[in-house]
$ cat start-v8.cif   # mmCIF, C-alpha atoms and all ligand atoms
data_input
#
loop_
_atom_site.label_atom_id
_atom_site.label_comp_id
_atom_site.auth_asym_id
_atom_site.auth_seq_id
_atom_site.Cartn_x
_atom_site.Cartn_y
_atom_site.Cartn_z
CA MET A 1 49.88 5.37 14.80
CA PRO A 2 47.62 3.04 12.88
CA LEU A 3 45.04 4.73 10.70
CA PRO A 4 41.51 4.44 11.98
CA THR A 5 39.81 1.69 10.06
CA MET A 6 36.19 0.81 9.67
CA ASN A 7 35.01 -1.78 12.11
CA PRO A 8 35.31 -4.91 9.96
CA LEU A 9 32.42 -6.51 11.82
CA ARG A 10 29.92 -3.92 10.67
CA PRO A 11 29.27 -4.83 7.05
CA SER A 12 29.00 -8.52 7.80
CA LEU A 13 26.69 -7.83 10.72
CA ALA A 14 24.45 -5.70 8.51
CA VAL A 15 24.36 -8.43 5.90
CA ALA A 16 23.52 -11.02 8.51
CA MET A 17 20.72 -8.85 9.89
CA LEU A 18 19.36 -8.25 6.42
CA ALA A 19 19.34 -11.99 5.77
CA LEU A 20 17.49 -12.48 9.04
CA LEU A 21 14.93 -9.83 8.18
CA THR A 22 14.21 -11.19 4.75
CA ALA A 23 13.98 -14.70 6.17
CA LEU A 24 11.31 -13.72 8.68
CA PRO A 25 7.78 -14.59 7.70
CA ALA A 26 5.54 -11.54 7.25
CA ALA A 27 3.68 -12.37 10.45
CA ALA A 28 6.83 -11.97 12.53
CA GLN A 29 7.11 -8.32 11.47
CA TYR A 30 4.12 -7.47 13.66
CA ARG A 31 3.85 -7.87 17.42
CA ASN A 32 0.42 -9.41 16.98
CA ALA A 33 -2.68 -9.40 14.77
CA ASP A 34 -3.86 -6.05 16.18
CA ALA A 35 -0.60 -4.38 15.13
CA ALA A 36 -0.95 -5.76 11.59
CA ILE A 37 -4.57 -4.54 11.42
CA LYS A 38 -3.58 -1.04 12.58
CA TYR A 39 -0.73 -0.95 10.09
CA ARG A 40 -2.84 -1.82 7.05
CA GLN A 41 -5.71 0.46 8.11
CA SER A 42 -3.26 3.35 8.46
CA ALA A 43 -1.71 2.65 5.06
CA MET A 44 -5.17 2.31 3.43
CA SER A 45 -6.32 5.51 5.04
CA LEU A 46 -3.22 7.41 3.88
CA GLN A 47 -3.47 6.19 0.31
CA ASN A 48 -7.13 7.20 0.38
CA ASN A 49 -6.14 10.70 1.46
CA HIS A 50 -3.61 11.05 -1.36
CA LEU A 51 -5.91 9.56 -3.98
CA GLY A 52 -8.45 12.15 -2.82
CA ARG A 53 -5.96 14.94 -3.56
CA ILE A 54 -5.41 13.47 -7.02
CA PHE A 55 -9.16 13.38 -7.66
CA ALA A 56 -9.54 16.95 -6.43
CA MET A 57 -7.07 18.04 -9.11
CA VAL A 58 -8.50 15.97 -11.96
CA ASN A 59 -12.02 17.15 -11.07
CA GLY A 60 -10.99 20.80 -10.99
CA GLN A 61 -11.62 21.26 -7.27
CA ALA A 62 -7.94 22.03 -6.77
CA PRO A 63 -5.57 23.70 -9.24
CA PHE A 64 -3.59 21.26 -11.36
CA ASP A 65 0.07 21.30 -10.48
CA ALA A 66 2.05 18.53 -12.20
CA LYS A 67 4.67 18.40 -9.45
CA VAL A 68 2.12 18.09 -6.65
CA MET A 69 0.19 15.58 -8.74
CA ASN A 70 3.25 13.37 -9.15
CA GLU A 71 4.12 13.64 -5.46
CA ASN A 72 0.66 12.35 -4.58
CA ILE A 73 0.84 9.58 -7.18
CA GLU A 74 4.21 8.52 -5.81
CA ILE A 75 2.79 8.24 -2.29
CA VAL A 76 -0.18 6.16 -3.47
CA SER A 77 2.25 3.93 -5.36
CA LEU A 78 4.46 3.48 -2.29
CA LEU A 79 1.53 2.69 -0.03
CA ASN A 80 -0.28 0.38 -2.41
CA SER A 81 2.67 -1.94 -2.08
CA ARG A 82 3.57 -5.46 -1.14
CA VAL A 83 4.32 -4.20 2.37
CA GLN A 84 0.76 -3.05 2.92
CA PHE A 85 -0.85 -6.19 1.61
CA ALA A 86 1.60 -8.36 3.55
CA ALA A 87 -0.11 -6.97 6.66
CA PHE A 88 -3.08 -9.26 5.96
CA ILE A 89 -1.38 -11.90 8.09
CA GLU A 90 -2.94 -15.18 9.19
CA GLY A 91 -5.21 -14.71 12.20
CA SER A 92 -5.83 -11.00 11.54
CA ASP A 93 -9.41 -11.58 10.40
CA LYS A 94 -10.56 -11.06 13.99
CA GLY A 95 -10.50 -7.93 16.14
CA ASN A 96 -11.05 -4.31 15.15
CA THR A 97 -11.08 -5.07 11.46
CA ARG A 98 -13.42 -4.98 8.49
CA ALA A 99 -11.39 -7.54 6.56
CA LYS A 100 -13.57 -10.44 5.41
CA PRO A 101 -12.44 -14.01 6.12
CA GLU A 102 -12.61 -14.65 2.34
CA ILE A 103 -9.22 -12.89 2.09
CA TRP A 104 -7.64 -15.96 3.63
CA ALA A 105 -10.12 -18.50 2.22
CA GLU A 106 -9.48 -17.43 -1.38
CA LYS A 107 -5.90 -16.18 -1.28
CA ASP A 108 -5.38 -16.45 -5.04
CA LYS A 109 -8.37 -14.27 -5.80
CA PHE A 110 -7.29 -11.73 -3.19
CA SER A 111 -3.76 -11.69 -4.66
CA ALA A 112 -5.29 -11.11 -8.09
CA ALA A 113 -7.19 -8.09 -6.71
CA VAL A 114 -3.92 -6.79 -5.24
CA ALA A 115 -2.13 -7.29 -8.58
CA LYS A 116 -4.93 -5.54 -10.51
CA SER A 117 -4.77 -2.57 -8.15
CA GLN A 118 -0.98 -2.33 -8.41
CA ASP A 119 -1.18 -2.59 -12.18
CA ASP A 120 -3.64 0.30 -12.28
CA VAL A 121 -1.45 2.35 -9.94
CA ASN A 122 1.58 1.69 -12.19
CA LYS A 123 -0.44 3.04 -15.11
CA LEU A 124 -1.27 6.11 -13.05
CA VAL A 125 2.44 6.59 -12.37
CA ALA A 126 3.07 6.46 -16.13
CA ALA A 127 0.19 8.86 -16.83
CA GLY A 128 1.53 11.24 -14.18
CA LYS A 129 4.84 11.40 -16.02
CA THR A 130 3.13 12.55 -19.22
CA GLY A 131 1.71 15.54 -17.33
CA ASN A 132 -1.46 15.16 -19.42
CA LEU A 133 -4.47 15.80 -17.21
CA ASP A 134 -6.90 13.75 -19.35
CA GLN A 135 -4.64 10.71 -19.19
CA ILE A 136 -4.16 11.17 -15.46
CA LYS A 137 -7.91 11.50 -14.98
CA ALA A 138 -8.61 8.24 -16.83
CA ALA A 139 -5.87 6.38 -14.97
CA ALA A 140 -7.00 7.73 -11.59
CA GLY A 141 -10.55 6.62 -12.35
CA ALA A 142 -9.30 3.09 -13.02
CA VAL A 143 -7.38 3.10 -9.73
CA GLY A 144 -10.50 4.18 -7.86
CA GLN A 145 -12.41 1.33 -9.48
CA SER A 146 -9.90 -1.32 -8.48
CA CYS A 147 -9.84 0.00 -4.90
CA LYS A 148 -13.62 -0.28 -4.89
CA ALA A 149 -13.70 -3.71 -6.52
CA CYS A 150 -11.52 -5.10 -3.75
CA HIS A 151 -13.56 -3.42 -1.03
CA ASP A 152 -16.80 -4.75 -2.50
CA ALA A 153 -15.39 -8.27 -2.33
CA TYR A 154 -13.22 -8.18 0.80
CA GLN A 155 -14.19 -5.34 3.13
CA LYS A 156 -17.16 -5.69 5.47
CA PRO A 157 -19.65 -2.82 5.23
CA GLN A 158 -19.49 -0.36 8.14
C1 LIG A 201 -6.83 -6.12 -2.69
C2 LIG A 201 -7.80 -5.46 -1.86
C3 LIG A 201 -7.78 -4.01 -1.59
C4 LIG A 201 -7.34 -3.01 -2.43
C5 LIG A 201 -6.76 -3.12 -3.82
C6 LIG A 201 -7.54 -1.78 -1.72
N1 LIG A 201 -8.09 -2.01 -0.48
FE1 LIG A 201 -8.59 -0.62 0.88
N2 LIG A 201 -9.11 -2.08 2.17
C7 LIG A 201 -9.13 -3.44 1.90
C8 LIG A 201 -9.54 -4.16 3.07
C9 LIG A 201 -9.70 -5.66 3.18
C10 LIG A 201 -9.80 -3.21 4.07
C11 LIG A 201 -10.20 -3.48 5.53
C12 LIG A 201 -8.93 -3.52 6.39
C13 LIG A 201 -9.21 -3.78 7.84
O1 LIG A 201 -10.19 -3.23 8.40
O2 LIG A 201 -8.43 -4.53 8.45
C14 LIG A 201 -9.53 -1.91 3.46
C15 LIG A 201 -9.69 -0.68 4.10
C16 LIG A 201 -9.62 0.53 3.51
C17 LIG A 201 -9.93 1.80 4.14
C18 LIG A 201 -10.41 1.98 5.58
C19 LIG A 201 -9.17 2.14 6.48
C20 LIG A 201 -9.50 2.28 7.95
O3 LIG A 201 -9.18 3.35 8.50
O4 LIG A 201 -10.04 1.34 8.54
C21 LIG A 201 -9.73 2.78 3.21
C22 LIG A 201 -9.93 4.27 3.41
C23 LIG A 201 -9.24 2.14 2.01
N3 LIG A 201 -9.19 0.77 2.22
C24 LIG A 201 -8.87 2.79 0.85
C25 LIG A 201 -8.32 2.18 -0.27
C26 LIG A 201 -7.87 2.87 -1.47
C27 LIG A 201 -7.94 4.36 -1.68
C28 LIG A 201 -7.42 1.92 -2.32
C29 LIG A 201 -6.85 2.06 -3.71
C30 LIG A 201 -5.83 3.02 -3.94
C31 LIG A 201 -7.57 0.64 -1.66
N4 LIG A 201 -8.12 0.84 -0.43
C32 LIG A 201 -7.22 -0.55 -2.24
C33 LIG A 201 -8.79 -4.02 0.71
C34 LIG A 201 -8.26 -3.37 -0.38
#
$ encode --input "start-v8.cif" --output "structure tokens"
Amino acid sequence: MPLPTMNPLRPSLAVAMLALLTALPAAAQYRNADAAIKYRQSAMSLQNNHLGRIFAMVNGQAPFDAKVMNENIEIVSLLNSRVQFAAFIEGSDKGNTRAKPEIWAEKDKFSAAVAKSQDDVNKLVAAGKTGNLDQIKAAAGAVGQSCKACHDAYQKPQ
């Protein structure tokens, strides 16, 4: 009786699919502009929720628990990622969105705002690891400011 072997097609198929996925332009990862808009609004809204929990702890409205703090920071860091900002696909300036057309008109400036925000979030990750509440408070404040700076420039008022 031959020993059961792994299907030799599997690994190569997975590799081929991965290559296909990475080759797809960002736009192709969404059914349409509406789906991209919903995706980024959901991610923004979630990161807002978790940043809120961080602020509650640094402002003394919730007890400081380093583990919970770092869990929240980790989630903000995951959400404030390339994946979220890749959802600002071409043609998604119209519809149920508050994204300003300047996002696409001045892509370099928008990318700089993304980079600044991610840089500040990375510093918050580092501060979280120290467990020092003052450092976390300062870093969280900077994150809040870079969120706001981007909104002031690129989010239409409600
Ligand atoms: C580089 C720019 C940029 C950065 C950085 C940024 N945002 Fe946003 N955010 C936007 C834009 C643009 C929209 C509007 C998206 C839309 O309506 O399609 C938005 C929307 C939102 C919304 C509304 C979501 C909804 O339900 O419609 C919230 C809440 C939000 N952002 C929170 C945050 C928080 C918190 C941070 C920082 C941790 C952050 N954002 C960082 C650009 C940014």
$ closest_atom_pairs --input "start-v8.cif" --of "chain A" --to "ligand LIG 201 (chain A)" --cutoff "7 Å" --atoms "only C-alpha atoms and all ligand atoms" --output "JSON lines"
{"residue": "A:Ile37", "atom": "CA", "partner": "A:LIG201", "partner_atom": "O2", "distance": 4.9}
{"residue": "A:Arg40", "atom": "CA", "partner": "A:LIG201", "partner_atom": "C12", "distance": 6.4}
{"residue": "A:Gln41", "atom": "CA", "partner": "A:LIG201", "partner_atom": "C19", "distance": 4.2}
{"residue": "A:Ser42", "atom": "CA", "partner": "A:LIG201", "partner_atom": "O3", "distance": 5.9}
{"residue": "A:Met44", "atom": "CA", "partner": "A:LIG201", "partner_atom": "C23", "distance": 4.3}
{"residue": "A:Ser45", "atom": "CA", "partner": "A:LIG201", "partner_atom": "C22", "distance": 4.2}
{"residue": "A:Gln47", "atom": "CA", "partner": "A:LIG201", "partner_atom": "C27", "distance": 5.2}
{"residue": "A:Asn48", "atom": "CA", "partner": "A:LIG201", "partner_atom": "C27", "distance": 3.6}
{"residue": "A:Leu51", "atom": "CA", "partner": "A:LIG201", "partner_atom": "C27", "distance": 6.0}
{"residue": "A:Val76", "atom": "CA", "partner": "A:LIG201", "partner_atom": "C30", "distance": 6.5}
{"residue": "A:Asn80", "atom": "CA", "partner": "A:LIG201", "partner_atom": "C30", "distance": 6.3}
{"residue": "A:Asn96", "atom": "CA", "partner": "A:LIG201", "partner_atom": "O1", "distance": 6.9}
{"residue": "A:Thr97", "atom": "CA", "partner": "A:LIG201", "partner_atom": "O1", "distance": 3.7}
{"residue": "A:Arg98", "atom": "CA", "partner": "A:LIG201", "partner_atom": "O1", "distance": 3.7}
{"residue": "A:Ala99", "atom": "CA", "partner": "A:LIG201", "partner_atom": "C9", "distance": 4.2}
{"residue": "A:Lys100", "atom": "CA", "partner": "A:LIG201", "partner_atom": "C9", "distance": 6.5}
{"residue": "A:Phe110", "atom": "CA", "partner": "A:LIG201", "partner_atom": "C1", "distance": 5.7}
{"residue": "A:Ser111", "atom": "CA", "partner": "A:LIG201", "partner_atom": "C1", "distance": 6.7}
{"residue": "A:Ala113", "atom": "CA", "partner": "A:LIG201", "partner_atom": "C1", "distance": 4.5}
{"residue": "A:Val114", "atom": "CA", "partner": "A:LIG201", "partner_atom": "C1", "distance": 3.9}
{"residue": "A:Ser117", "atom": "CA", "partner": "A:LIG201", "partner_atom": "C5", "distance": 4.8}
{"residue": "A:Val143", "atom": "CA", "partner": "A:LIG201", "partner_atom": "C30", "distance": 6.0}
{"residue": "A:Gly144", "atom": "CA", "partner": "A:LIG201", "partner_atom": "C29", "distance": 5.9}
{"residue": "A:Ser146", "atom": "CA", "partner": "A:LIG201", "partner_atom": "C5", "distance": 5.9}
{"residue": "A:Cys147", "atom": "CA", "partner": "A:LIG201", "partner_atom": "C32", "distance": 3.8}
{"residue": "A:Lys148", "atom": "CA", "partner": "A:LIG201", "partner_atom": "C31", "distance": 6.9}
{"residue": "A:Cys150", "atom": "CA", "partner": "A:LIG201", "partner_atom": "C2", "distance": 4.2}
{"residue": "A:His151", "atom": "CA", "partner": "A:LIG201", "partner_atom": "C33", "distance": 5.1}
{"residue": "A:Tyr154", "atom": "CA", "partner": "A:LIG201", "partner_atom": "C9", "distance": 4.9}
{"residue": "A:Gln155", "atom": "CA", "partner": "A:LIG201", "partner_atom": "C9", "distance": 4.5}
$ atom_distance --input "start-v8.cif" --atom1 "CA of Arg53 (chain A)" --atom2 "CA of Ala35 (chain A)"
27.4 Å
$ atom_distance --input "start-v8.cif" --atom1 "CA of Val68 (chain A)" --atom2 "CA of Ile54 (chain A)"
8.8 Å
$ closest_residue --input "start-v8.cif" --among "A:Ala105, A:Leu46, A:Ile89, A:Ala139" --to "Asn72 (chain A)" --atoms "all atoms listed in the file"
A:Leu46
$ closest_residue --input "start-v8.cif" --among "A:Glu74, A:Lys137, A:Val83, A:Gln145" --to "Lys116 (chain A)" --atoms "only C-alpha atoms"
A:Gln145
$ closest_residue --input "start-v8.cif" --among "A:Ala66, A:Ile73, A:Val58, A:Leu78" --to "Ala43 (chain A)" --atoms "all atoms listed in the file"
A:Leu78
$ closest_residue --input "start-v8.cif" --among "A:Lys94, A:Ala86, A:Ala62, A:Asp34" --to "Lys107 (chain A)" --atoms "all atoms listed in the file"
A:Ala86
$ closest_residue --input "start-v8.cif" --among "A:Val121, A:Ala112, A:Ile103, A:Ile136" --to "Ala153 (chain A)" --atoms "all atoms listed in the file"
A:Ile103
$ atom_distance --input "start-v8.cif" --atom1 "CA of Gly128 (chain A)" --atom2 "CA of Gln84 (chain A)"
22.3 Å
